[in-house]
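Asks: Before we start, here is the structure in question, set down as structure tokens.
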Amino acid sequence: MHESNSPGMVDGPRIISYNVNEEERPGGMKVRFKIRVEKGRKAAALNAQQAEAIKELLQWARQHAPS
């Protein structure tokens, strides 16, 4: 039986990083995304914060939309 080289689920937060390719960069600027994956209560709190931020953005966009 061959064991997988893939790691199992890690306890605690996981961080996923992604560097944007040079040809995809805006104006040549280096861009890197870092995504922290949480679970449990911390994930629920972050989800609520993100939902509130999205709600505020949509309200602002509606108020500033061209007539």
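Identifiers for the structure tokens are assigned positionally: chains receive A, B, ... in sequence, residues are indexed from 1 per chain, and ligands are indexed from 1 in the order shown.
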Mind checking which residues fall within 7 Å of region 27-42 of chain A, counting only C-alpha atoms, ignoring those fewer than 6 positions away in the same chain, and posting them as a VMD selection string?

Replies: chain A and resid 13 to 20

Asks: How would you write, as a list in words, the set of residues in chain A that DSSP gives as strand (DSSP E or B)?

Replies: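 Matching residues, listed in order: Arg14, Ile15, Ile16, Ser17, Tyr18, Asn19, Arg32, Phe33, Lys34, Ile35, Arg36 and Val37 of chain A.
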
Asks: Please extract the residues of chain A with a backbone DSSP assignment of alpha helix (DSSP H) and present them as a PyMOL selection string.

Replies: chain A and resi 40-63
